[in-house]
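Note: the block below is query08.pdb and it holds PDB, C-alpha atoms and all ligand atoms.
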MODEL        1
ATOM      1  CA  MET U  13       0.000   0.000   0.000
ATOM      2  CA  GLU U  14       1.266   3.473  -0.814
ATOM      3  CA  PHE U  15       2.313   5.672   2.071
ATOM      4  CA  ARG U  16      -0.408   8.275   1.414
ATOM      5  CA  ASP U  17      -3.126   5.615   1.220
ATOM      6  CA  ARG U  18      -1.896   4.076   4.457
ATOM      7  CA  LEU U  19      -1.961   7.491   6.185
ATOM      8  CA  LEU U  20      -5.540   8.157   5.089
ATOM      9  CA  LEU U  21      -6.669   4.660   6.012
ATOM     10  CA  GLU U  22      -5.061   4.807   9.479
ATOM     11  CA  ASN U  23      -6.572   8.241  10.050
ATOM     12  CA  ARG U  24     -10.043   7.008   9.142
ATOM     13  CA  ALA U  25      -9.653   4.035  11.477
ATOM     14  CA  TRP U  26      -8.564   6.325  14.333
ATOM     15  CA  ALA U  27     -11.374   8.866  13.749
ATOM     16  CA  ASP U  28     -13.986   6.088  13.617
ATOM     17  CA  GLU U  29     -12.624   4.566  16.827
ATOM     18  CA  MET U  30     -12.641   7.895  18.683
ATOM     19  CA  SER U  31     -16.191   8.666  17.549
ATOM     20  CA  ALA U  32     -17.374   5.192  18.518
ATOM     21  CA  ARG U  33     -15.895   5.611  22.005
ATOM     22  CA  ASP U  34     -17.246   9.131  22.464
ATOM     23  CA  PRO U  35     -19.708  10.490  19.881
ATOM     24  CA  GLU U  36     -19.150  14.106  21.091
ATOM     25  CA  TYR U  37     -15.339  13.873  21.023
ATOM     26  CA  PHE U  38     -14.661  15.858  17.846
ATOM     27  CA  THR U  39     -17.536  18.269  18.486
ATOM     28  CA  ARG U  40     -15.947  19.255  21.811
ATOM     29  CA  LEU U  41     -12.468  19.627  20.309
ATOM     30  CA  ASN U  42     -13.923  21.714  17.523
ATOM     31  CA  HIS U  43     -15.040  24.360  20.031
ATOM     32  CA  GLY U  44     -11.490  25.430  20.869
ATOM     33  CA  GLN U  45      -8.402  24.559  22.824
ATOM     34  CA  ALA U  46      -7.200  25.141  26.369
ATOM     35  CA  PRO U  47      -4.006  23.064  26.597
ATOM     36  CA  ASP U  48      -2.282  22.410  29.926
ATOM     37  CA  ALA U  49       1.182  23.101  28.587
ATOM     38  CA  LEU U  50       3.428  24.267  25.796
ATOM     39  CA  TRP U  51       5.773  21.392  24.995
ATOM     40  CA  ILE U  52       9.139  22.237  23.427
ATOM     41  CA  GLY U  53      10.681  18.958  22.338
ATOM     42  CA  CYS U  54      13.022  17.350  19.854
ATOM     43  CA  SER U  55      11.755  16.409  16.390
ATOM     44  CA  ASP U  56      13.061  12.860  16.913
ATOM     45  CA  SER U  57      10.336  10.404  15.854
ATOM     46  CA  ARG U  58      10.912   8.288  18.972
ATOM     47  CA  VAL U  59       9.824  11.064  21.328
ATOM     48  CA  PRO U  60       6.122  11.715  20.567
ATOM     49  CA  PRO U  61       4.831  14.050  23.319
ATOM     50  CA  GLU U  62       1.201  12.940  23.472
ATOM     51  CA  GLN U  63       1.921   9.213  23.560
ATOM     52  CA  LEU U  64       4.629   9.304  26.189
ATOM     53  CA  CYS U  65       2.529  11.538  28.486
ATOM     54  CA  ASN U  66      -0.640   9.539  27.922
ATOM     55  CA  ALA U  67      -2.140  12.822  26.717
ATOM     56  CA  SER U  68      -4.892  13.460  24.192
ATOM     57  CA  PRO U  69      -5.473  15.964  21.396
ATOM     58  CA  GLY U  70      -6.102  19.335  23.049
ATOM     59  CA  ASP U  71      -3.805  18.695  26.031
ATOM     60  CA  LEU U  72      -0.469  19.946  24.666
ATOM     61  CA  PHE U  73       0.489  22.890  22.445
ATOM     62  CA  ILE U  74       3.642  21.678  20.732
ATOM     63  CA  HIS U  75       6.803  23.013  19.146
ATOM     64  CA  ARG U  76       9.481  20.565  18.049
ATOM     65  CA  ASN U  77      12.866  21.178  16.492
ATOM     66  CA  VAL U  78      16.225  19.433  16.371
ATOM     67  CA  ALA U  79      17.540  19.138  19.959
ATOM     68  CA  ASN U  80      14.599  21.024  21.566
ATOM     69  CA  LEU U  81      16.162  24.468  21.397
ATOM     70  CA  VAL U  82      14.583  27.739  22.495
ATOM     71  CA  ALA U  83      15.134  29.209  19.037
ATOM     72  CA  ASP U  84      14.447  32.791  20.056
ATOM     73  CA  GLY U  85      15.846  34.196  16.815
ATOM     74  CA  GLU U  86      13.233  32.384  14.720
ATOM     75  CA  ALA U  87       9.741  33.704  14.027
ATOM     76  CA  GLY U  88       8.379  30.149  13.871
ATOM     77  CA  PHE U  89       9.425  29.413  17.437
ATOM     78  CA  LEU U  90       8.530  32.866  18.790
ATOM     79  CA  SER U  91       5.062  32.787  17.259
ATOM     80  CA  VAL U  92       4.315  29.473  18.998
ATOM     81  CA  LEU U  93       5.623  30.804  22.312
ATOM     82  CA  GLU U  94       3.744  34.106  21.965
ATOM     83  CA  TYR U  95       0.449  32.402  21.187
ATOM     84  CA  ALA U  96       0.893  29.820  23.953
ATOM     85  CA  VAL U  97       1.755  32.359  26.651
ATOM     86  CA  HIS U  98      -0.213  35.456  25.628
ATOM     87  CA  VAL U  99      -3.356  33.939  24.088
ATOM     88  CA  LEU U 100      -3.759  30.407  25.447
ATOM     89  CA  ALA U 101      -2.132  31.418  28.771
ATOM     90  CA  VAL U 102      -0.709  27.941  29.320
ATOM     91  CA  PRO U 103       0.125  27.364  33.013
ATOM     92  CA  HIS U 104       3.156  25.192  32.192
ATOM     93  CA  ILE U 105       5.983  25.057  29.660
ATOM     94  CA  VAL U 106       7.942  21.843  29.278
ATOM     95  CA  VAL U 107      11.362  21.651  27.631
ATOM     96  CA  CYS U 108      11.989  17.977  26.933
ATOM     97  CA  GLY U 109      15.300  16.577  25.734
ATOM     98  CA  HIS U 110      16.097  12.919  25.253
ATOM     99  CA  TYR U 111      19.137  10.753  25.827
ATOM    100  CA  GLY U 112      20.991   9.809  22.661
ATOM    101  CA  CYS U 113      19.776  12.936  20.840
ATOM    102  CA  GLY U 114      21.315  13.135  17.359
ATOM    103  CA  GLY U 115      21.429  16.939  17.381
ATOM    104  CA  VAL U 116      23.277  16.956  20.693
ATOM    105  CA  ALA U 117      25.614  14.216  19.446
ATOM    106  CA  ALA U 118      26.441  16.366  16.411
ATOM    107  CA  ALA U 119      27.298  19.295  18.699
ATOM    108  CA  CYS U 120      29.472  16.987  20.843
ATOM    109  CA  SER U 121      31.567  15.898  17.909
ATOM    110  CA  ASP U 122      34.675  17.734  16.738
ATOM    111  CA  GLU U 123      33.772  16.783  13.172
ATOM    112  CA  PRO U 124      32.055  19.550  11.162
ATOM    113  CA  VAL U 125      28.365  18.894  10.426
ATOM    114  CA  PRO U 126      27.986  18.611   6.622
ATOM    115  CA  LEU U 127      24.421  20.002   6.730
ATOM    116  CA  ALA U 128      24.342  23.795   6.600
ATOM    117  CA  HIS U 129      20.964  24.317   8.275
ATOM    118  CA  VAL U 130      21.552  21.769  11.017
ATOM    119  CA  ASP U 131      25.007  23.216  11.604
ATOM    120  CA  ALA U 132      23.588  26.744  11.990
ATOM    121  CA  HIS U 133      20.738  25.532  14.212
ATOM    122  CA  ILE U 134      22.981  23.701  16.697
ATOM    123  CA  GLU U 135      25.433  26.593  17.031
ATOM    124  CA  PRO U 136      24.148  27.409  20.575
ATOM    125  CA  LEU U 137      24.670  23.757  21.524
ATOM    126  CA  LYS U 138      28.275  23.878  20.372
ATOM    127  CA  ALA U 139      28.785  27.016  22.467
ATOM    128  CA  LEU U 140      27.222  25.220  25.453
ATOM    129  CA  ARG U 141      29.491  22.254  24.883
ATOM    130  CA  ASN U 142      32.525  24.549  24.790
ATOM    131  CA  ARG U 143      31.469  26.202  28.060
ATOM    132  CA  HIS U 144      31.309  22.774  29.724
ATOM    133  CA  ARG U 145      34.154  21.145  27.810
ATOM    134  CA  GLU U 146      36.196  20.328  30.897
ATOM    135  CA  THR U 147      33.308  18.568  32.684
ATOM    136  CA  LEU U 148      32.263  16.720  29.552
ATOM    137  CA  ASP U 149      35.769  15.575  28.618
ATOM    138  CA  ALA U 150      36.205  14.141  32.121
ATOM    139  CA  LEU U 151      33.330  11.697  31.494
ATOM    140  CA  ASN U 152      34.027   8.186  30.344
ATOM    141  CA  GLY U 153      32.787   7.498  26.815
ATOM    142  CA  VAL U 154      31.020   9.364  24.042
ATOM    143  CA  SER U 155      27.492   8.461  25.076
ATOM    144  CA  ALA U 156      28.042   9.657  28.661
ATOM    145  CA  ARG U 157      29.235  12.997  27.241
ATOM    146  CA  ILE U 158      26.259  13.244  24.881
ATOM    147  CA  ASN U 159      23.778  12.412  27.639
ATOM    148  CA  ARG U 160      25.327  14.923  30.044
ATOM    149  CA  LEU U 161      25.102  17.586  27.335
ATOM    150  CA  VAL U 162      21.446  16.592  26.793
ATOM    151  CA  GLU U 163      20.783  17.451  30.466
ATOM    152  CA  LEU U 164      22.864  20.644  30.371
ATOM    153  CA  ASN U 165      20.989  21.664  27.233
ATOM    154  CA  VAL U 166      17.583  21.240  28.878
ATOM    155  CA  ARG U 167      18.718  23.385  31.834
ATOM    156  CA  ALA U 168      20.135  26.031  29.467
ATOM    157  CA  GLN U 169      16.915  26.182  27.432
ATOM    158  CA  VAL U 170      14.778  26.576  30.569
ATOM    159  CA  GLU U 171      17.056  29.391  31.758
ATOM    160  CA  ARG U 172      16.884  31.023  28.327
ATOM    161  CA  LEU U 173      13.077  30.806  28.355
ATOM    162  CA  ALA U 174      12.917  32.478  31.770
ATOM    163  CA  GLU U 175      14.866  35.454  30.405
ATOM    164  CA  LEU U 176      12.660  36.056  27.366
ATOM    165  CA  THR U 177      10.509  39.165  27.309
ATOM    166  CA  LEU U 178       7.572  37.072  26.066
ATOM    167  CA  ILE U 179       7.695  35.113  29.327
ATOM    168  CA  ARG U 180       8.505  38.016  31.608
ATOM    169  CA  THR U 181       5.590  40.084  30.295
ATOM    170  CA  ALA U 182       3.015  37.276  30.538
ATOM    171  CA  ALA U 183      -0.170  38.178  32.400
ATOM    172  CA  ARG U 184      -0.075  34.648  33.815
ATOM    173  CA  PRO U 185       3.590  33.575  33.977
ATOM    174  CA  PRO U 186       3.954  29.829  33.388
ATOM    175  CA  ALA U 187       5.929  27.317  35.470
ATOM    176  CA  LEU U 188       8.938  26.037  33.547
ATOM    177  CA  HIS U 189       9.808  22.324  33.587
ATOM    178  CA  GLY U 190      12.977  20.708  32.253
ATOM    179  CA  LEU U 191      12.615  17.004  31.459
ATOM    180  CA  VAL U 192      14.699  14.332  29.783
ATOM    181  CA  TYR U 193      13.203  11.277  28.123
ATOM    182  CA  ALA U 194      15.040   7.967  28.376
ATOM    183  CA  THR U 195      14.364   6.443  24.968
ATOM    184  CA  ASP U 196      15.503   2.988  26.103
ATOM    185  CA  ARG U 197      13.030   2.811  29.024
ATOM    186  CA  GLY U 198      10.173   5.051  27.906
ATOM    187  CA  LEU U 199      10.495   7.174  31.045
ATOM    188  CA  LEU U 200      10.664  10.912  31.674
ATOM    189  CA  GLU U 201      13.028  12.305  34.319
ATOM    190  CA  SER U 202      12.886  15.760  35.860
ATOM    191  CA  VAL U 203      16.036  17.832  35.355
ATOM    192  CA  CYS U 204      14.985  21.253  36.603
ATOM    193  CA  TYR U 205      11.961  23.346  37.554
ATOM    194  CA  ARG U 206      11.251  27.061  37.855
ATOM    195  CA  GLU U 207       8.247  28.350  39.746
ATOM    196  CA  PRO U 208       6.065  30.861  37.916
ATOM    197  CA  GLU U 209       7.437  34.376  38.345
ATOM    198  CA  PRO U 210       5.287  36.411  40.740
ATOM    199  CA  LEU U 211       2.996  38.823  38.953
ATOM    200  CA  ALA U 212       4.353  42.366  38.755
ATOM    201  CA  GLN U 213       2.672  44.553  41.406
ATOM    202  CA  ALA U 214       0.801  47.585  40.148
ATOM    203  CA  VAL U 215       2.549  50.775  41.243
ATOM    204  CA  PRO U 216       0.220  52.797  43.507
ATOM    205  CA  ALA U 217      -0.696  56.204  42.146
TER
HETATM  206 ZN    ZN L 301      16.878  14.690  19.538
ENDMDL
END

So, in terms of structure tokens, how does the structure I just supplied come out?
Amino acid sequence: MEFRDRLLLENRAWADEMSARDPEYFTRLNHGQAPDALWIGCSDSRVPPEQLCNASPGDLFIHRNVANLVADGEAGFLSVLEYAVHVLAVPHIVVCGHYGCGGVAAACSDEPVPLAHVDAHIEPLKALRNRHRETLDALNGVSARINRLVELNVRAQVERLAELTLIRTAARPPALHGLVYATDRGLLESVCYREPEPLAQAVPA
């Protein structure tokens, strides 16, 4: 069966199943969204946010890119963040990395990346690696270094998020969660957490 035919067939099977389970399911979703969180994750096909959180359509507003970066120089990323924080007013933002991340591995290597766009995208990761070079080089083995950089990257992205004007000016500042997904066990681990910033007090007249 051709890929497109398989996609359409699988979609029809899923839609029929959801409607059979709950006849009002799509009607409710059609009315709008109020997701619990903005999820910033890696594009890796093995890290699907909804499945691994047991979540459903409508639960997560999602942005994915290579190595789950807070790409605050890109309109695509900023538009997702702006809408999530200033329109949907999500109470939580999750940055989720994963062990064995290919983007992080590329930044760990001394070999140049032969893909211009990937190379430009992971530039902040290379800078992060250079800042922590001593710690990383002290670890035993390439995969230990990659996995440590995965964790450092999640922390760095959460810190970067906290500094962004879009977050700092939110009427309802979100809590920021840093997670790492262990692809070999299917489990999420918490790496860091930042409480929501207190709302700015109005200055008395
Ligand atoms: Zn990845």

Give me the box for range 69-76 of chain U as AutoDock Vina command-line options, namely the centre and edge lengths in Å to one decimal of a box along x, y and z that holds every listed atom plus 5 Å on each side.
--center_x 1.7 --center_y 19.5 --center_z 22.0 --size_x 25.6 --size_y 17.0 --size_z 18.0

Original post:
In Å, how far is it from CA of Leu50 in chain U to CA of Ala132 in chain U?
Top reply: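 Computing the Euclidean distance for CA of Leu50 in chain U and CA of Ala132 in chain U yields 24.6 Å.
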
**OP:** Name the residues that the PyMOL selection byres (((chain U and resi 197) around 12) and not hetatm) pulls out of this structure, and write them as a PyMOL selection string.
**Re:** chain U and resi 58-59+64+110-111+192-196+198-201

**OP:** Rounded to one decimal place, report the CA of Val106 in chain U-CA of Leu148 in chain U distance in Å.
**Re:**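 CA of Val106 in chain U sits 24.9 Å away from CA of Leu148 in chain U.
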
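Among the candidate residues U:His43, U:Arg206, U:Arg167, U:His144, the one lying nearest to Pro186 in chain U is U:Arg206, with distances computed using only C-alpha atoms.
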
Subject >> Pick from U:Glu209, U:Asp149, U:Glu163, U:Asp71, whichever lies nearest to Glu175 in chain U using all atoms listed in the file >> reply: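 So, comparing all the options, the nearest one is U:Glu209.
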
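Distances to Met30 in chain U were evaluated for U:Ser68, U:Asn77, U:Asn159, U:Thr181 using only C-alpha atoms, and the minimum falls at U:Ser68.
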
Original post:
Which chains and residue numbers are within 10 Å of ligand ZN 301 (chain L), counting all atoms listed in the file, if I want them as a PyMOL selection string?
Top reply: chain U and resi 53-59+76-81+108-117+162+193

Original post:
Written as a count of residues only, which residues does the PyMOL selection byres (((chain U and resi 84-89) around 12) and not hetatm) give for the file shown?
Top reply: 31

Original post:
Between CA of Tyr205 in chain U and CA of Ala187 in chain U, what is the distance, to one decimal in Å?
Top reply: 7.5 Å

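Compared by their closest atoms to Asn142 in chain U, and using all atoms listed in the file, the residues U:Val170, U:Ala128, U:Cys120, U:Leu20 rank with U:Cys120 nearest.
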
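Between Ala168 in chain U and the candidates U:Val107, U:Phe38, U:Arg180, U:Arg145, the tightest atom-to-atom separation, counting all atoms listed in the file, involves U:Val107.
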
Original post:
So what does the PyMOL selection byres (((chain U and resi 70) around 7) and not hetatm) actually pick up in this one, as a PyMOL selection string?
Top reply: chain U and resi 41+45-47+68-69+71-72

What would range 89-100 of chain U look like with all heavy atoms in place, written as a PDB file, keeping the file's coordinate frame?
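Resulting contents of out_28.pdb:
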ATOM      1  N   PHE U  89       9.415  29.745  16.010  1.00  0.00           N
ATOM      2  CA  PHE U  89       9.425  29.413  17.437  1.00  0.00           C
ATOM      3  C   PHE U  89       8.722  30.497  18.252  1.00  0.00           C
ATOM      4  O   PHE U  89       7.877  30.210  19.114  1.00  0.00           O
ATOM      5  CB  PHE U  89      10.871  29.245  17.941  1.00  0.00           C
ATOM      6  CG  PHE U  89      10.936  29.052  19.427  1.00  0.00           C
ATOM      7  CD1 PHE U  89      10.765  27.791  19.979  1.00  0.00           C
ATOM      8  CD2 PHE U  89      11.116  30.133  20.279  1.00  0.00           C
ATOM      9  CE1 PHE U  89      10.782  27.609  21.349  1.00  0.00           C
ATOM     10  CE2 PHE U  89      11.143  29.967  21.660  1.00  0.00           C
ATOM     11  CZ  PHE U  89      10.969  28.700  22.193  1.00  0.00           C
ATOM     12  N   LEU U  90       9.077  31.758  17.980  1.00  0.00           N
ATOM     13  CA  LEU U  90       8.530  32.866  18.790  1.00  0.00           C
ATOM     14  C   LEU U  90       7.017  32.990  18.639  1.00  0.00           C
ATOM     15  O   LEU U  90       6.321  33.341  19.591  1.00  0.00           O
ATOM     16  CB  LEU U  90       9.224  34.180  18.416  1.00  0.00           C
ATOM     17  CG  LEU U  90      10.696  34.257  18.851  1.00  0.00           C
ATOM     18  CD1 LEU U  90      11.358  35.494  18.265  1.00  0.00           C
ATOM     19  CD2 LEU U  90      10.821  34.267  20.377  1.00  0.00           C
ATOM     20  N   SER U  91       6.513  32.685  17.451  1.00  0.00           N
ATOM     21  CA  SER U  91       5.062  32.787  17.259  1.00  0.00           C
ATOM     22  C   SER U  91       4.334  31.720  18.084  1.00  0.00           C
ATOM     23  O   SER U  91       3.271  31.985  18.654  1.00  0.00           O
ATOM     24  CB  SER U  91       4.693  32.684  15.774  1.00  0.00           C
ATOM     25  OG  SER U  91       5.126  31.451  15.250  1.00  0.00           O
ATOM     26  N   VAL U  92       4.912  30.536  18.172  1.00  0.00           N
ATOM     27  CA  VAL U  92       4.315  29.473  18.998  1.00  0.00           C
ATOM     28  C   VAL U  92       4.340  29.890  20.469  1.00  0.00           C
ATOM     29  O   VAL U  92       3.343  29.774  21.190  1.00  0.00           O
ATOM     30  CB  VAL U  92       5.081  28.140  18.802  1.00  0.00           C
ATOM     31  CG1 VAL U  92       4.625  27.093  19.819  1.00  0.00           C
ATOM     32  CG2 VAL U  92       4.874  27.613  17.389  1.00  0.00           C
ATOM     33  N   LEU U  93       5.489  30.395  20.909  1.00  0.00           N
ATOM     34  CA  LEU U  93       5.623  30.804  22.312  1.00  0.00           C
ATOM     35  C   LEU U  93       4.669  31.958  22.639  1.00  0.00           C
ATOM     36  O   LEU U  93       3.999  31.961  23.680  1.00  0.00           O
ATOM     37  CB  LEU U  93       7.079  31.225  22.572  1.00  0.00           C
ATOM     38  CG  LEU U  93       7.414  31.627  24.000  1.00  0.00           C
ATOM     39  CD1 LEU U  93       7.258  30.436  24.948  1.00  0.00           C
ATOM     40  CD2 LEU U  93       8.843  32.178  24.090  1.00  0.00           C
ATOM     41  N   GLU U  94       4.605  32.940  21.749  1.00  0.00           N
ATOM     42  CA  GLU U  94       3.744  34.106  21.965  1.00  0.00           C
ATOM     43  C   GLU U  94       2.282  33.686  22.085  1.00  0.00           C
ATOM     44  O   GLU U  94       1.564  34.118  22.996  1.00  0.00           O
ATOM     45  CB  GLU U  94       3.921  35.083  20.798  1.00  0.00           C
ATOM     46  CG  GLU U  94       3.181  36.387  20.953  1.00  0.00           C
ATOM     47  CD  GLU U  94       3.526  37.344  19.820  1.00  0.00           C
ATOM     48  OE1 GLU U  94       3.472  36.924  18.644  1.00  0.00           O
ATOM     49  OE2 GLU U  94       3.860  38.502  20.109  1.00  0.00           O
ATOM     50  N   TYR U  95       1.847  32.831  21.172  1.00  0.00           N
ATOM     51  CA  TYR U  95       0.449  32.402  21.187  1.00  0.00           C
ATOM     52  C   TYR U  95       0.145  31.575  22.439  1.00  0.00           C
ATOM     53  O   TYR U  95      -0.890  31.753  23.087  1.00  0.00           O
ATOM     54  CB  TYR U  95       0.139  31.593  19.917  1.00  0.00           C
ATOM     55  CG  TYR U  95      -1.344  31.415  19.708  1.00  0.00           C
ATOM     56  CD1 TYR U  95      -2.125  32.463  19.221  1.00  0.00           C
ATOM     57  CD2 TYR U  95      -1.975  30.220  20.010  1.00  0.00           C
ATOM     58  CE1 TYR U  95      -3.488  32.322  19.056  1.00  0.00           C
ATOM     59  CE2 TYR U  95      -3.345  30.060  19.853  1.00  0.00           C
ATOM     60  CZ  TYR U  95      -4.104  31.121  19.372  1.00  0.00           C
ATOM     61  OH  TYR U  95      -5.450  30.972  19.214  1.00  0.00           O
ATOM     62  N   ALA U  96       1.099  30.688  22.787  1.00  0.00           N
ATOM     63  CA  ALA U  96       0.893  29.820  23.953  1.00  0.00           C
ATOM     64  C   ALA U  96       0.787  30.635  25.237  1.00  0.00           C
ATOM     65  O   ALA U  96      -0.068  30.376  26.085  1.00  0.00           O
ATOM     66  CB  ALA U  96       2.036  28.814  24.064  1.00  0.00           C
ATOM     67  N   VAL U  97       1.666  31.626  25.379  1.00  0.00           N
ATOM     68  CA  VAL U  97       1.755  32.359  26.651  1.00  0.00           C
ATOM     69  C   VAL U  97       0.778  33.528  26.712  1.00  0.00           C
ATOM     70  O   VAL U  97       0.174  33.790  27.756  1.00  0.00           O
ATOM     71  CB  VAL U  97       3.218  32.847  26.868  1.00  0.00           C
ATOM     72  CG1 VAL U  97       3.313  33.753  28.082  1.00  0.00           C
ATOM     73  CG2 VAL U  97       4.145  31.655  27.031  1.00  0.00           C
ATOM     74  N   HIS U  98       0.584  34.224  25.599  1.00  0.00           N
ATOM     75  CA  HIS U  98      -0.213  35.456  25.628  1.00  0.00           C
ATOM     76  C   HIS U  98      -1.651  35.281  25.157  1.00  0.00           C
ATOM     77  O   HIS U  98      -2.474  36.160  25.360  1.00  0.00           O
ATOM     78  CB  HIS U  98       0.499  36.551  24.818  1.00  0.00           C
ATOM     79  CG  HIS U  98       1.740  37.043  25.499  1.00  0.00           C
ATOM     80  ND1 HIS U  98       1.759  38.154  26.318  1.00  0.00           N
ATOM     81  CD2 HIS U  98       3.004  36.549  25.518  1.00  0.00           C
ATOM     82  CE1 HIS U  98       2.979  38.326  26.801  1.00  0.00           C
ATOM     83  NE2 HIS U  98       3.761  37.366  26.328  1.00  0.00           N
ATOM     84  N   VAL U  99      -1.963  34.175  24.511  1.00  0.00           N
ATOM     85  CA  VAL U  99      -3.356  33.939  24.088  1.00  0.00           C
ATOM     86  C   VAL U  99      -3.938  32.729  24.839  1.00  0.00           C
ATOM     87  O   VAL U  99      -4.945  32.839  25.528  1.00  0.00           O
ATOM     88  CB  VAL U  99      -3.460  33.731  22.557  1.00  0.00           C
ATOM     89  CG1 VAL U  99      -4.909  33.438  22.158  1.00  0.00           C
ATOM     90  CG2 VAL U  99      -2.943  34.962  21.824  1.00  0.00           C
ATOM     91  N   LEU U 100      -3.255  31.605  24.767  1.00  0.00           N
ATOM     92  CA  LEU U 100      -3.759  30.407  25.447  1.00  0.00           C
ATOM     93  C   LEU U 100      -3.492  30.455  26.951  1.00  0.00           C
ATOM     94  O   LEU U 100      -4.153  29.758  27.724  1.00  0.00           O
ATOM     95  CB  LEU U 100      -3.114  29.142  24.857  1.00  0.00           C
ATOM     96  CG  LEU U 100      -3.385  28.887  23.369  1.00  0.00           C
ATOM     97  CD1 LEU U 100      -2.549  27.713  22.867  1.00  0.00           C
ATOM     98  CD2 LEU U 100      -4.866  28.618  23.124  1.00  0.00           C
TER      99      LEU U 100
END
